[in-house]
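Student: Structure in structure tokens, see below.
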Amino acid sequence: MSGDKYSTYTPKTRIERWLDARLPLPRLVYDSFIVYPVPRNLNYAYTFGGILTIMLVSQILTGIVLAMHYAPDTGLAFNSVEKIMRDVNSGWLLRYLHSNGASFFFIAVYIHICRGLYYGSYKAPRELLWVLGCTNLLLMMATAFMGYVLPWGQMSFWGATVITNFFTAVPLIGDWLQQLLLGGFAVDNPTLNRFFALHYLLPFVLAGVVTLHIWALHVVGQNNPTGIEVKSKTDVVDFTPYATVKDAFGILVFLFFFAYFVFYLPNYLGHPDNNSIANPLKTPAHIVPEWYFLPFYAILRAITFNIGPIDSKLGGVLAMFGSIAVLFLVPWLDTSKVRSAVYRPWYRVLFWLFVANALFLGWLGSRPAEGAYVVMSQLATLYYFAFFIIAMPVLGLIEKPRRLPNSITEAVLEKDKASGRGPIAGPETKH
Amino acid sequence: MADLSETSTAEHTLRVEAPAAIEVDVSSLTPGTSLIVDWHGKPVVVRNRSEKERKDAEAVSLAELKDPIARNANLPADAPATDANRTTPGKEAWVVMIQVCTHLGCIPRGQEGDFGGWFCSCHGSQYDTAGRIRKGPAPENMAVPVFQFVSDTKIRIG
Ligand code: HEM
Ligand code: FES
């Protein structure tokens, strides 16, 4: 999406010339996805952006067909989903693609975020790119939460009850806000209706923000595992075929795992309680959210004490939303001059600890909120926040980074030499 | 935002905005037993507490309580959360309350947890035998609705 003055597109046929003078769409595609220069050292961590785009498209396609068979009414919803599973042709496939698709969407987004944190992709000039990405995460979470309510099982109902109750913790307008969300005083038919409407809408909003995200990416260019800016033509290769083929391979491998779950373990990531119809008078013994919300759920439950004027309920809600909000601030929290963790010995250790800690929080979120689990959640929550609020600003000031290569090309050639592969001529670039 | 329930049926609107009173026959409740009634979509527990449950609740001083307010719709809003204020005069063995956790709205299970009262497994809130929050994230005691004994065996709720 670079401006015309950098464009190398030359329309060849008469139709192309006609179109180019009126709506230069082929030029946009050519400049963005054919000759767009990408760093030559991108690894497979960089294929997750493409994977995420495919998952969004897949969720929208399966979702629209599901919506043709789904009935958003408390008296009908559960049975309409059962009907999709048993009577609708390939309905089981659609639903398993959609429910497992949500899980794989989140697997991809978490890897994508960790990639950004590791290689310092949020640092100038990519702050806005990062903030748009965090917005995407929020939209995904809202969409998945509301989607999970639609089958109207026990987990749907109680998950919706607990999560909409978060909003009552907001001072002054809390109750009003919760009633606005629910369309009443408890989760009921109006809730299901508005959640369905929003579940249909938000993925398209997400698609819009994704477009901005990719636009911003194409303005500032991709970061890369060295974190060094592109300096010359030998540092880059053309998007097609290099990135296209690598992305396609990454997508295929990812879809292989996805298909394995859809066809062999379709209910592994779900919860059996959601196969019972919602009962407003009985809470299941252990209500747990979908796995992708577990770390945040553990943070919510970790605040069991009042903090000055903030009671434990508001405290838990603030901590949970804060754990996402802090992601938005990362570009300004990290004070390091060096982007990539490859050259940051201490940051690298604390980063991997952060990943382990996040997984640990997820596990804790699946445990009952009792005894030692509570204390462990509190410690893990502490580290989660300390990583962003203490480690990021302080490390940048005291850590001594390793020597940086002068360019991406130098880094690649050094690595080849060290692995005995000998110098390999950089792929030719056409421009 | 004028009417929040504009999309609901007339029945819904009635249900949530003018909760009518219901009468409950409690003659079957011997000490140490309870029953749960559906009061406009919310579970209300009526419990005839055992001697021990009552003693345990009475022995607690106000200073030990996380929420020192009675939360009893039959009393002034600032009444302290003594055991007596969680019940009704002359029927101190009985508790009647909306069995909804004041944390995030799950339904706690009775006669469980560290205090032998109610335990909410959602996020681990523990209530004592008078339904007062003692441990865990819930901020308030469970709510006592407007109710009265219309006879020795009948309670009117609402
Ligand atoms: C960001 C993309 C999306 C995500 C993450 C997502 C997520 C989910 C989840 C987690 C469920 C519950 C699945 C289950 O347990 O059965 C669900 C259900 C549903 N979704 Fe989506 N969804 C997305 C996009 C869409 C779109 C665009 C539509 C189109 C209208 C849609 C329509 C539905 C319908 C009708 C259901 C209920 C049927 C069912 O439960 O399988 N979804 N969604
Ligand atoms: S809803 Fe009861 S502890 Fe959270």
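In the structure tokens, each chain is lettered A, B, ... as it comes, each chain's residues begin at 1, and ligands are numbered from 1 in order of appearance.
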Any idea what's packed within 8 Å of Gln222 of chain A, counting only C-alpha atoms, ignoring anything in its chain fewer than 5 positions away? Could you give it as a PyMOL selection string?
Tutor: chain A and resi 38-39+217
Student: Could you give me the residues within 10 Å of ligand 2, counting only C-alpha atoms and all ligand atoms, as a PDB file with N, CA, C and O atoms, in the first residue's frame?
Tutor:
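Saved as pocket-v2.pdb:
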```
ATOM      1  N   TRP A 158     -23.451 -19.625  32.469  1.00  0.00           N
ATOM      2  CA  TRP A 158     -22.753 -19.180  33.670  1.00  0.00           C
ATOM      3  C   TRP A 158     -21.528 -18.353  33.337  1.00  0.00           C
ATOM      4  O   TRP A 158     -21.160 -17.448  34.087  1.00  0.00           O
ATOM      5  N   THR A 161     -23.013 -15.021  32.803  1.00  0.00           N
ATOM      6  CA  THR A 161     -23.400 -14.412  34.082  1.00  0.00           C
ATOM      7  C   THR A 161     -22.187 -13.807  34.774  1.00  0.00           C
ATOM      8  O   THR A 161     -22.186 -12.646  35.189  1.00  0.00           O
ATOM      9  N   VAL A 162     -21.137 -14.606  34.889  1.00  0.00           N
ATOM     10  CA  VAL A 162     -19.949 -14.150  35.613  1.00  0.00           C
ATOM     11  C   VAL A 162     -19.308 -12.952  34.907  1.00  0.00           C
ATOM     12  O   VAL A 162     -18.967 -11.947  35.537  1.00  0.00           O
ATOM     13  N   ILE A 163     -19.183 -13.049  33.583  1.00  0.00           N
ATOM     14  CA  ILE A 163     -18.440 -12.001  32.887  1.00  0.00           C
ATOM     15  C   ILE A 163     -19.230 -10.694  32.838  1.00  0.00           C
ATOM     16  O   ILE A 163     -18.674  -9.616  33.007  1.00  0.00           O
ATOM     17  N   ASN A 165     -21.258  -9.775  35.063  1.00  0.00           N
ATOM     18  CA  ASN A 165     -21.219  -9.262  36.430  1.00  0.00           C
ATOM     19  C   ASN A 165     -19.960  -8.456  36.721  1.00  0.00           C
ATOM     20  O   ASN A 165     -19.936  -7.670  37.654  1.00  0.00           O
ATOM     21  N   PHE A 166     -18.901  -8.674  35.918  1.00  0.00           N
ATOM     22  CA  PHE A 166     -17.688  -7.850  36.090  1.00  0.00           C
ATOM     23  C   PHE A 166     -18.057  -6.381  36.101  1.00  0.00           C
ATOM     24  O   PHE A 166     -17.481  -5.579  36.812  1.00  0.00           O
ATOM     25  N   THR A 283     -25.560 -23.689  39.239  1.00  0.00           N
ATOM     26  CA  THR A 283     -24.241 -23.423  38.682  1.00  0.00           C
ATOM     27  C   THR A 283     -23.455 -24.729  38.660  1.00  0.00           C
ATOM     28  O   THR A 283     -23.457 -25.451  39.649  1.00  0.00           O
ATOM     29  N   ILE A 287     -16.997 -23.889  37.183  1.00  0.00           N
ATOM     30  CA  ILE A 287     -17.145 -23.179  35.927  1.00  0.00           C
ATOM     31  C   ILE A 287     -15.787 -22.646  35.525  1.00  0.00           C
ATOM     32  O   ILE A 287     -15.054 -22.066  36.308  1.00  0.00           O
ATOM     33  N   LEU A 300      -7.935 -12.632  37.565  1.00  0.00           N
ATOM     34  CA  LEU A 300      -9.164 -12.136  38.196  1.00  0.00           C
ATOM     35  C   LEU A 300      -9.332 -12.727  39.595  1.00  0.00           C
ATOM     36  O   LEU A 300      -9.639 -12.032  40.560  1.00  0.00           O
ATOM     37  N   ARG A 301      -9.102 -14.042  39.690  1.00  0.00           N
ATOM     38  CA  ARG A 301      -9.357 -14.714  40.951  1.00  0.00           C
ATOM     39  C   ARG A 301      -8.253 -14.500  41.972  1.00  0.00           C
ATOM     40  O   ARG A 301      -8.421 -14.788  43.157  1.00  0.00           O
ATOM     41  N   THR A 304      -7.997 -11.531  46.084  1.00  0.00           N
ATOM     42  CA  THR A 304      -8.996 -11.970  47.064  1.00  0.00           C
ATOM     43  C   THR A 304      -9.046 -11.017  48.249  1.00  0.00           C
ATOM     44  O   THR A 304      -9.725 -11.271  49.220  1.00  0.00           O
ATOM     45  N   LYS A 313     -13.523  -7.315  44.654  1.00  0.00           N
ATOM     46  CA  LYS A 313     -14.229  -7.554  43.394  1.00  0.00           C
ATOM     47  C   LYS A 313     -13.748  -6.585  42.306  1.00  0.00           C
ATOM     48  O   LYS A 313     -13.326  -6.995  41.226  1.00  0.00           O
ATOM     49  N   ALA A 369     -10.442 -22.498  42.948  1.00  0.00           N
ATOM     50  CA  ALA A 369      -9.848 -21.342  43.629  1.00  0.00           C
ATOM     51  C   ALA A 369      -9.724 -21.612  45.119  1.00  0.00           C
ATOM     52  O   ALA A 369     -10.444 -21.050  45.928  1.00  0.00           O
TER      53      ALA A 369
ATOM     54  N   VAL B 100     -27.424 -16.122  45.808  1.00  0.00           N
ATOM     55  CA  VAL B 100     -26.616 -15.712  44.668  1.00  0.00           C
ATOM     56  C   VAL B 100     -25.360 -15.064  45.224  1.00  0.00           C
ATOM     57  O   VAL B 100     -25.439 -14.159  46.052  1.00  0.00           O
ATOM     58  N   CYS B 101     -24.216 -15.543  44.783  1.00  0.00           N
ATOM     59  CA  CYS B 101     -22.945 -15.036  45.276  1.00  0.00           C
ATOM     60  C   CYS B 101     -22.814 -13.557  44.910  1.00  0.00           C
ATOM     61  O   CYS B 101     -23.102 -13.156  43.778  1.00  0.00           O
ATOM     62  N   THR B 102     -22.397 -12.747  45.887  1.00  0.00           N
ATOM     63  CA  THR B 102     -22.296 -11.304  45.635  1.00  0.00           C
ATOM     64  C   THR B 102     -21.039 -10.945  44.851  1.00  0.00           C
ATOM     65  O   THR B 102     -20.799  -9.793  44.554  1.00  0.00           O
ATOM     66  N   HIS B 103     -20.235 -11.963  44.524  1.00  0.00           N
ATOM     67  CA  HIS B 103     -19.080 -11.683  43.680  1.00  0.00           C
ATOM     68  C   HIS B 103     -19.553 -11.496  42.248  1.00  0.00           C
ATOM     69  O   HIS B 103     -19.822 -10.390  41.817  1.00  0.00           O
ATOM     70  N   LEU B 104     -19.727 -12.590  41.522  1.00  0.00           N
ATOM     71  CA  LEU B 104     -20.094 -12.447  40.114  1.00  0.00           C
ATOM     72  C   LEU B 104     -21.345 -13.247  39.755  1.00  0.00           C
ATOM     73  O   LEU B 104     -21.550 -13.606  38.601  1.00  0.00           O
ATOM     74  N   GLY B 105     -22.146 -13.576  40.753  1.00  0.00           N
ATOM     75  CA  GLY B 105     -23.472 -14.082  40.451  1.00  0.00           C
ATOM     76  C   GLY B 105     -23.654 -15.579  40.311  1.00  0.00           C
ATOM     77  O   GLY B 105     -24.708 -16.026  39.865  1.00  0.00           O
ATOM     78  N   CYS B 106     -22.659 -16.402  40.683  1.00  0.00           N
ATOM     79  CA  CYS B 106     -22.885 -17.849  40.668  1.00  0.00           C
ATOM     80  C   CYS B 106     -23.775 -18.234  41.844  1.00  0.00           C
ATOM     81  O   CYS B 106     -24.069 -17.420  42.712  1.00  0.00           O
ATOM     82  N   ILE B 107     -24.205 -19.496  41.857  1.00  0.00           N
ATOM     83  CA  ILE B 107     -25.037 -19.974  42.942  1.00  0.00           C
ATOM     84  C   ILE B 107     -24.195 -20.861  43.855  1.00  0.00           C
ATOM     85  O   ILE B 107     -23.768 -21.937  43.449  1.00  0.00           O
ATOM     86  N   PRO B 108     -23.921 -20.386  45.076  1.00  0.00           N
ATOM     87  CA  PRO B 108     -23.069 -21.166  45.983  1.00  0.00           C
ATOM     88  C   PRO B 108     -23.797 -22.429  46.454  1.00  0.00           C
ATOM     89  O   PRO B 108     -25.026 -22.490  46.429  1.00  0.00           O
ATOM     90  N   ARG B 109     -23.021 -23.419  46.877  1.00  0.00           N
ATOM     91  CA  ARG B 109     -23.602 -24.652  47.405  1.00  0.00           C
ATOM     92  C   ARG B 109     -23.672 -24.566  48.928  1.00  0.00           C
ATOM     93  O   ARG B 109     -22.776 -24.034  49.573  1.00  0.00           O
ATOM     94  N   TRP B 118     -22.007 -21.494  53.160  1.00  0.00           N
ATOM     95  CA  TRP B 118     -22.136 -21.679  51.720  1.00  0.00           C
ATOM     96  C   TRP B 118     -20.770 -21.499  51.070  1.00  0.00           C
ATOM     97  O   TRP B 118     -19.953 -20.695  51.536  1.00  0.00           O
ATOM     98  N   PHE B 119     -20.551 -22.246  50.033  1.00  0.00           N
ATOM     99  CA  PHE B 119     -19.274 -22.150  49.324  1.00  0.00           C
ATOM    100  C   PHE B 119     -19.552 -21.943  47.836  1.00  0.00           C
ATOM    101  O   PHE B 119     -20.325 -22.685  47.232  1.00  0.00           O
ATOM    102  N   CYS B 120     -18.933 -20.910  47.267  1.00  0.00           N
ATOM    103  CA  CYS B 120     -19.115 -20.656  45.847  1.00  0.00           C
ATOM    104  C   CYS B 120     -17.876 -21.160  45.119  1.00  0.00           C
ATOM    105  O   CYS B 120     -16.776 -20.624  45.301  1.00  0.00           O
ATOM    106  N   SER B 121     -18.059 -22.183  44.321  1.00  0.00           N
ATOM    107  CA  SER B 121     -16.886 -22.802  43.694  1.00  0.00           C
ATOM    108  C   SER B 121     -16.378 -21.993  42.501  1.00  0.00           C
ATOM    109  O   SER B 121     -15.313 -22.260  41.984  1.00  0.00           O
ATOM    110  N   CYS B 122     -17.146 -20.985  42.087  1.00  0.00           N
ATOM    111  CA  CYS B 122     -16.698 -20.225  40.920  1.00  0.00           C
ATOM    112  C   CYS B 122     -15.344 -19.573  41.173  1.00  0.00           C
ATOM    113  O   CYS B 122     -14.410 -19.746  40.389  1.00  0.00           O
ATOM    114  N   HIS B 123     -15.258 -18.810  42.274  1.00  0.00           N
ATOM    115  CA  HIS B 123     -13.978 -18.173  42.568  1.00  0.00           C
ATOM    116  C   HIS B 123     -13.635 -18.295  44.033  1.00  0.00           C
ATOM    117  O   HIS B 123     -12.869 -17.516  44.579  1.00  0.00           O
ATOM    118  N   GLY B 124     -14.256 -19.273  44.696  1.00  0.00           N
ATOM    119  CA  GLY B 124     -13.846 -19.612  46.054  1.00  0.00           C
ATOM    120  C   GLY B 124     -14.344 -18.705  47.171  1.00  0.00           C
ATOM    121  O   GLY B 124     -13.649 -18.543  48.162  1.00  0.00           O
ATOM    122  N   SER B 125     -15.526 -18.122  47.063  1.00  0.00           N
ATOM    123  CA  SER B 125     -16.040 -17.321  48.181  1.00  0.00           C
ATOM    124  C   SER B 125     -16.659 -18.229  49.242  1.00  0.00           C
ATOM    125  O   SER B 125     -17.389 -19.162  48.922  1.00  0.00           O
ATOM    126  N   GLN B 126     -16.366 -17.921  50.502  1.00  0.00           N
ATOM    127  CA  GLN B 126     -16.873 -18.724  51.618  1.00  0.00           C
ATOM    128  C   GLN B 126     -17.804 -17.883  52.467  1.00  0.00           C
ATOM    129  O   GLN B 126     -17.443 -16.808  52.918  1.00  0.00           O
ATOM    130  N   TYR B 127     -19.011 -18.405  52.716  1.00  0.00           N
ATOM    131  CA  TYR B 127     -19.989 -17.701  53.547  1.00  0.00           C
ATOM    132  C   TYR B 127     -20.216 -18.515  54.811  1.00  0.00           C
ATOM    133  O   TYR B 127     -20.118 -19.753  54.790  1.00  0.00           O
ATOM    134  N   LYS B 135     -14.585 -15.131  53.496  1.00  0.00           N
ATOM    135  CA  LYS B 135     -13.300 -15.327  52.840  1.00  0.00           C
ATOM    136  C   LYS B 135     -13.527 -15.395  51.333  1.00  0.00           C
ATOM    137  O   LYS B 135     -14.583 -15.839  50.899  1.00  0.00           O
ATOM    138  N   GLY B 136     -12.537 -14.959  50.562  1.00  0.00           N
ATOM    139  CA  GLY B 136     -12.686 -15.023  49.110  1.00  0.00           C
ATOM    140  C   GLY B 136     -13.098 -13.677  48.543  1.00  0.00           C
ATOM    141  O   GLY B 136     -13.226 -12.692  49.272  1.00  0.00           O
ATOM    142  N   PRO B 137     -13.305 -13.620  47.220  1.00  0.00           N
ATOM    143  CA  PRO B 137     -13.446 -12.330  46.548  1.00  0.00           C
ATOM    144  C   PRO B 137     -14.794 -11.635  46.690  1.00  0.00           C
ATOM    145  O   PRO B 137     -14.899 -10.468  46.354  1.00  0.00           O
ATOM    146  N   ALA B 138     -15.838 -12.299  47.131  1.00  0.00           N
ATOM    147  CA  ALA B 138     -17.150 -11.631  47.189  1.00  0.00           C
ATOM    148  C   ALA B 138     -17.094 -10.477  48.186  1.00  0.00           C
ATOM    149  O   ALA B 138     -16.518 -10.609  49.258  1.00  0.00           O
ATOM    150  N   PRO B 139     -17.700  -9.324  47.838  1.00  0.00           N
ATOM    151  CA  PRO B 139     -17.592  -8.158  48.717  1.00  0.00           C
ATOM    152  C   PRO B 139     -18.679  -8.082  49.795  1.00  0.00           C
ATOM    153  O   PRO B 139     -18.467  -7.475  50.828  1.00  0.00           O
TER     154      PRO B 139
END
```
Student: Chain A residues within 10 Å of chain B, counting only C-alpha atoms: which ones, as a PyMOL selection string?
Tutor: chain A and resi 158-159+161-169+176+179-186+188-191+193-194+280-288+297-298+300-306+311-316+365+368-371+374
Student: From the set B:Thr88, B:Gln148, B:Ala93, B:Arg134, which residue has the shortest atom-to-atom contact distance to Pro68 of chain B, counting only C-alpha atoms?
Tutor: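 Of all the options, B:Arg134 lies closest to Pro68 of chain B.
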Student: To one decimal in Å, tell me the separation between atom CA of Ala81 of chain B and atom CA of Asn48 of chain B.
Tutor: 18.8 Å
Student: Restricting the calculation to only C-alpha atoms and all ligand atoms: of A:Ser323, A:Asn223, A:Ser99, A:Ser276, which residue gets closest to ligand 1?
Tutor: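 Result for the nearest residue to ligand 1: A:Ser99.
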Student: Hey, which of A:Trp130, A:Phe258, A:Phe104, A:Trp152 ends up closest to His213 of chain A? Count only C-alpha atoms.
Tutor: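 Looking only at the distances to His213 of chain A, the closest residue turns out to be A:Trp130.
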Student: Excluding Pro11 of chain A and any residue of its chain fewer than 4 positions from it, enumerate the residues within 9 Å of it, using only C-alpha atoms, and give them as a ChimeraX atom specification.
Tutor: /A:15-18,20,26-27
Student: Could you state the separation of atom CA of Ala197 of chain A and atom CA of Phe48 of chain A in Å, given to one decimal place?
Tutor: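 These atoms are spaced 28.9 Å apart.
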Student: Using only C-alpha atoms and all ligand atoms, can you tell me which of A:Lys123, A:Lys83, A:His98, A:Lys12 comes closest to ligand 1?
Tutor: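 Residue with the minimum atom-to-atom distance to ligand 1: A:His98.
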Student: Could you tell me which of A:Arg344, A:His271, A:Arg86, A:Arg339 comes closest to Pro225 of chain A if we count only C-alpha atoms?
Tutor: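 Using only C-alpha atoms, the shortest distance to Pro225 of chain A belongs to A:Arg339.
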Student: Excluding Asp247 of chain A and its own-chain neighbours fewer than 5 positions away, which residues fall within 12 Å of it when counting only C-alpha atoms? Please give them as a list in words.
Tutor: Phe33, Leu42, Asn43, Tyr44, Ala45, Tyr46, Thr47, Phe48, Gly49, Gly50, Ile51, Leu52, Thr53, Ile54, Phe239, Thr240, Pro241, Tyr242, Leu252, Val253 and Phe254 of chain A
Student: When you look at Arg71 of chain B with a cut-off of 9 Å (counting only C-alpha atoms), what residues show up, excluding the ones that are within fewer than 3 positions of it in the same chain? I need them as a list in words.
Tutor: Asn74, Leu75, Pro76, Ala77, Asp78, Ala79, Pro80, Ala81, Asn85, Arg86, Glu140, Asn141, Met142, Ala143, Val144 and Pro145 of chain B
Student: Would you save the residues of that selection, restricted to all heavy atoms, as an mmCIF file, in the first residue's frame?
Tutor:
```
data_model
loop_
_atom_site.group_PDB
_atom_site.id
_atom_site.type_symbol
_atom_site.label_atom_id
_atom_site.label_comp_id
_atom_site.auth_asym_id
_atom_site.auth_seq_id
_atom_site.Cartn_x
_atom_site.Cartn_y
_atom_site.Cartn_z
ATOM 1 N N ASN B 74 -35.356 -6.081 55.200
ATOM 2 C CA ASN B 74 -36.387 -5.803 56.191
ATOM 3 C C ASN B 74 -35.903 -4.830 57.263
ATOM 4 O O ASN B 74 -36.654 -4.465 58.153
ATOM 5 C CB ASN B 74 -36.804 -7.111 56.873
ATOM 6 C CG ASN B 74 -37.191 -8.165 55.853
ATOM 7 O OD1 ASN B 74 -38.287 -8.137 55.318
ATOM 8 N ND2 ASN B 74 -36.271 -9.070 55.550
ATOM 9 N N LEU B 75 -34.632 -4.428 57.193
ATOM 10 C CA LEU B 75 -34.029 -3.570 58.218
ATOM 11 C C LEU B 75 -33.467 -2.313 57.568
ATOM 12 O O LEU B 75 -33.324 -2.257 56.350
ATOM 13 C CB LEU B 75 -32.892 -4.334 58.915
ATOM 14 C CG LEU B 75 -33.272 -5.571 59.732
ATOM 15 C CD1 LEU B 75 -32.030 -6.253 60.257
ATOM 16 C CD2 LEU B 75 -34.202 -5.185 60.875
ATOM 17 N N PRO B 76 -33.136 -1.299 58.394
ATOM 18 C CA PRO B 76 -32.491 -0.112 57.810
ATOM 19 C C PRO B 76 -31.212 -0.485 57.076
ATOM 20 O O PRO B 76 -30.568 -1.483 57.406
ATOM 21 C CB PRO B 76 -32.162 0.759 59.035
ATOM 22 C CG PRO B 76 -33.000 0.232 60.150
ATOM 23 C CD PRO B 76 -33.338 -1.183 59.836
ATOM 24 N N ALA B 77 -30.830 0.330 56.089
ATOM 25 C CA ALA B 77 -29.705 -0.010 55.221
ATOM 26 C C ALA B 77 -28.387 -0.116 55.959
ATOM 27 O O ALA B 77 -27.458 -0.760 55.471
ATOM 28 C CB ALA B 77 -29.592 1.022 54.098
ATOM 29 N N ASP B 78 -28.283 0.513 57.149
ATOM 30 C CA ASP B 78 -26.985 0.478 57.830
ATOM 31 C C ASP B 78 -26.970 -0.477 59.016
ATOM 32 O O ASP B 78 -26.043 -0.455 59.823
ATOM 33 C CB ASP B 78 -26.580 1.893 58.264
ATOM 34 C CG ASP B 78 -27.630 2.505 59.186
ATOM 35 O OD1 ASP B 78 -28.720 1.907 59.335
ATOM 36 O OD2 ASP B 78 -27.351 3.584 59.761
ATOM 37 N N ALA B 79 -27.987 -1.327 59.148
ATOM 38 C CA ALA B 79 -28.031 -2.257 60.283
ATOM 39 C C ALA B 79 -26.791 -3.150 60.273
ATOM 40 O O ALA B 79 -26.382 -3.615 59.216
ATOM 41 C CB ALA B 79 -29.291 -3.103 60.215
ATOM 42 N N PRO B 80 -26.174 -3.355 61.445
ATOM 43 C CA PRO B 80 -24.965 -4.190 61.481
ATOM 44 C C PRO B 80 -25.286 -5.671 61.252
ATOM 45 O O PRO B 80 -26.391 -6.126 61.541
ATOM 46 C CB PRO B 80 -24.415 -3.954 62.879
ATOM 47 C CG PRO B 80 -25.577 -3.504 63.697
ATOM 48 C CD PRO B 80 -26.521 -2.816 62.768
ATOM 49 N N ALA B 81 -24.294 -6.408 60.750
ATOM 50 C CA ALA B 81 -24.512 -7.797 60.346
ATOM 51 C C ALA B 81 -24.395 -8.773 61.508
ATOM 52 O O ALA B 81 -23.668 -9.763 61.437
ATOM 53 C CB ALA B 81 -23.539 -8.172 59.231
ATOM 54 N N ASN B 85 -29.645 -9.883 63.114
ATOM 55 C CA ASN B 85 -30.075 -9.030 62.005
ATOM 56 C C ASN B 85 -30.123 -9.760 60.662
ATOM 57 O O ASN B 85 -30.621 -9.227 59.683
ATOM 58 C CB ASN B 85 -29.145 -7.820 61.875
ATOM 59 C CG ASN B 85 -29.514 -6.734 62.871
ATOM 60 O OD1 ASN B 85 -30.568 -6.802 63.496
ATOM 61 N ND2 ASN B 85 -28.625 -5.767 63.022
ATOM 62 N N ARG B 86 -29.577 -10.958 60.616
ATOM 63 C CA ARG B 86 -29.647 -11.750 59.388
ATOM 64 C C ARG B 86 -30.898 -12.632 59.389
ATOM 65 O O ARG B 86 -31.162 -13.325 58.421
ATOM 66 C CB ARG B 86 -28.394 -12.625 59.234
ATOM 67 C CG ARG B 86 -27.098 -11.831 59.109
ATOM 68 C CD ARG B 86 -26.884 -11.274 57.726
ATOM 69 N NE ARG B 86 -26.816 -12.346 56.740
ATOM 70 C CZ ARG B 86 -26.940 -12.153 55.435
ATOM 71 N NH1 ARG B 86 -27.147 -10.931 54.961
ATOM 72 N NH2 ARG B 86 -26.878 -13.162 54.590
ATOM 73 N N GLU B 140 -19.855 -8.681 49.542
ATOM 74 C CA GLU B 140 -20.977 -8.456 50.452
ATOM 75 C C GLU B 140 -21.584 -9.758 50.956
ATOM 76 O O GLU B 140 -21.457 -10.801 50.323
ATOM 77 C CB GLU B 140 -22.088 -7.670 49.730
ATOM 78 C CG GLU B 140 -21.710 -6.241 49.445
ATOM 79 C CD GLU B 140 -22.805 -5.493 48.708
ATOM 80 O OE1 GLU B 140 -23.929 -6.049 48.577
ATOM 81 O OE2 GLU B 140 -22.539 -4.355 48.279
ATOM 82 N N ASN B 141 -22.317 -9.630 52.059
ATOM 83 C CA ASN B 141 -23.105 -10.759 52.537
ATOM 84 C C ASN B 141 -24.222 -11.032 51.542
ATOM 85 O O ASN B 141 -24.661 -10.125 50.834
ATOM 86 C CB ASN B 141 -23.693 -10.418 53.906
ATOM 87 C CG ASN B 141 -22.604 -10.007 54.886
ATOM 88 O OD1 ASN B 141 -21.502 -10.559 54.849
ATOM 89 N ND2 ASN B 141 -22.901 -9.030 55.732
ATOM 90 N N MET B 142 -24.688 -12.284 51.511
ATOM 91 C CA MET B 142 -25.787 -12.570 50.578
ATOM 92 C C MET B 142 -27.036 -11.813 51.023
ATOM 93 O O MET B 142 -27.272 -11.619 52.219
ATOM 94 C CB MET B 142 -26.038 -14.075 50.508
ATOM 95 C CG MET B 142 -25.048 -14.778 49.571
ATOM 96 S SD MET B 142 -25.515 -16.461 49.202
ATOM 97 C CE MET B 142 -24.633 -17.344 50.495
ATOM 98 N N ALA B 143 -27.839 -11.383 50.047
ATOM 99 C CA ALA B 143 -28.951 -10.475 50.333
ATOM 100 C C ALA B 143 -30.133 -11.211 50.962
ATOM 101 O O ALA B 143 -30.514 -12.296 50.514
ATOM 102 C CB ALA B 143 -29.388 -9.793 49.045
ATOM 103 N N VAL B 144 -30.709 -10.597 51.999
ATOM 104 C CA VAL B 144 -31.941 -11.118 52.590
ATOM 105 C C VAL B 144 -33.099 -10.352 51.940
ATOM 106 O O VAL B 144 -33.142 -9.124 52.015
ATOM 107 C CB VAL B 144 -31.944 -10.898 54.120
ATOM 108 C CG1 VAL B 144 -33.259 -11.365 54.721
ATOM 109 C CG2 VAL B 144 -30.755 -11.614 54.753
ATOM 110 N N PRO B 145 -34.026 -11.048 51.283
ATOM 111 C CA PRO B 145 -35.119 -10.336 50.614
ATOM 112 C C PRO B 145 -36.192 -9.937 51.636
ATOM 113 O O PRO B 145 -36.164 -10.386 52.785
ATOM 114 C CB PRO B 145 -35.669 -11.396 49.656
ATOM 115 C CG PRO B 145 -35.417 -12.689 50.357
ATOM 116 C CD PRO B 145 -34.135 -12.507 51.131
#
```
Student: What is the distance between atom CA of Ile22 of chain B and atom CA of Arg156 of chain B, in Å to one decimal?
Tutor: 5.7 Å
Student: Compile the contact shell of Val150 of chain B as a list in words: residues with an atom at most 12 Å away, counting only C-alpha atoms, same-chain residues fewer than 3 positions apart removed.
Tutor: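 Once the nearby chain positions are removed, what remains is Ile22, Glu23, Val24, Asp25, Val26, Lys91, Phe147, Thr153, Lys154, Ile155, Arg156 and Ile157 of chain B.
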Student: Point out the residue among A:Ala418, A:Leu269, A:Val219, A:Val342 with the least atom-to-atom distance to ligand 1, counting only C-alpha atoms and all ligand atoms.
Tutor: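 Using only C-alpha atoms and all ligand atoms, the shortest distance to ligand 1 belongs to A:Leu269.
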Student: Among segment 162-332 of chain A, which residues carry a DSSP assignment of alpha helix (DSSP H), reported as an MDAnalysis selection string?
Tutor: chainID A and resid 162:165 174:182 189:220 244:264 294:302 312:332
Student: List as a list in words the protein and nucleic acid residues near Leu28 of chain A, meaning an atom at most 12 Å away when only C-alpha atoms are counted, but skip any in the same chain fewer than 3 places from it.
Tutor: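 The residues satisfying every condition are Met1, Ser2, Gly3, Asp4, Tyr6, Ser7, Thr8, Tyr9, Thr10, Pro11, Leu19, Asp20, Leu23, Pro24, Leu25, Asp31, Ser32, Phe33, Ile34, Val35, Tyr36, Trp215 and His218 of chain A.
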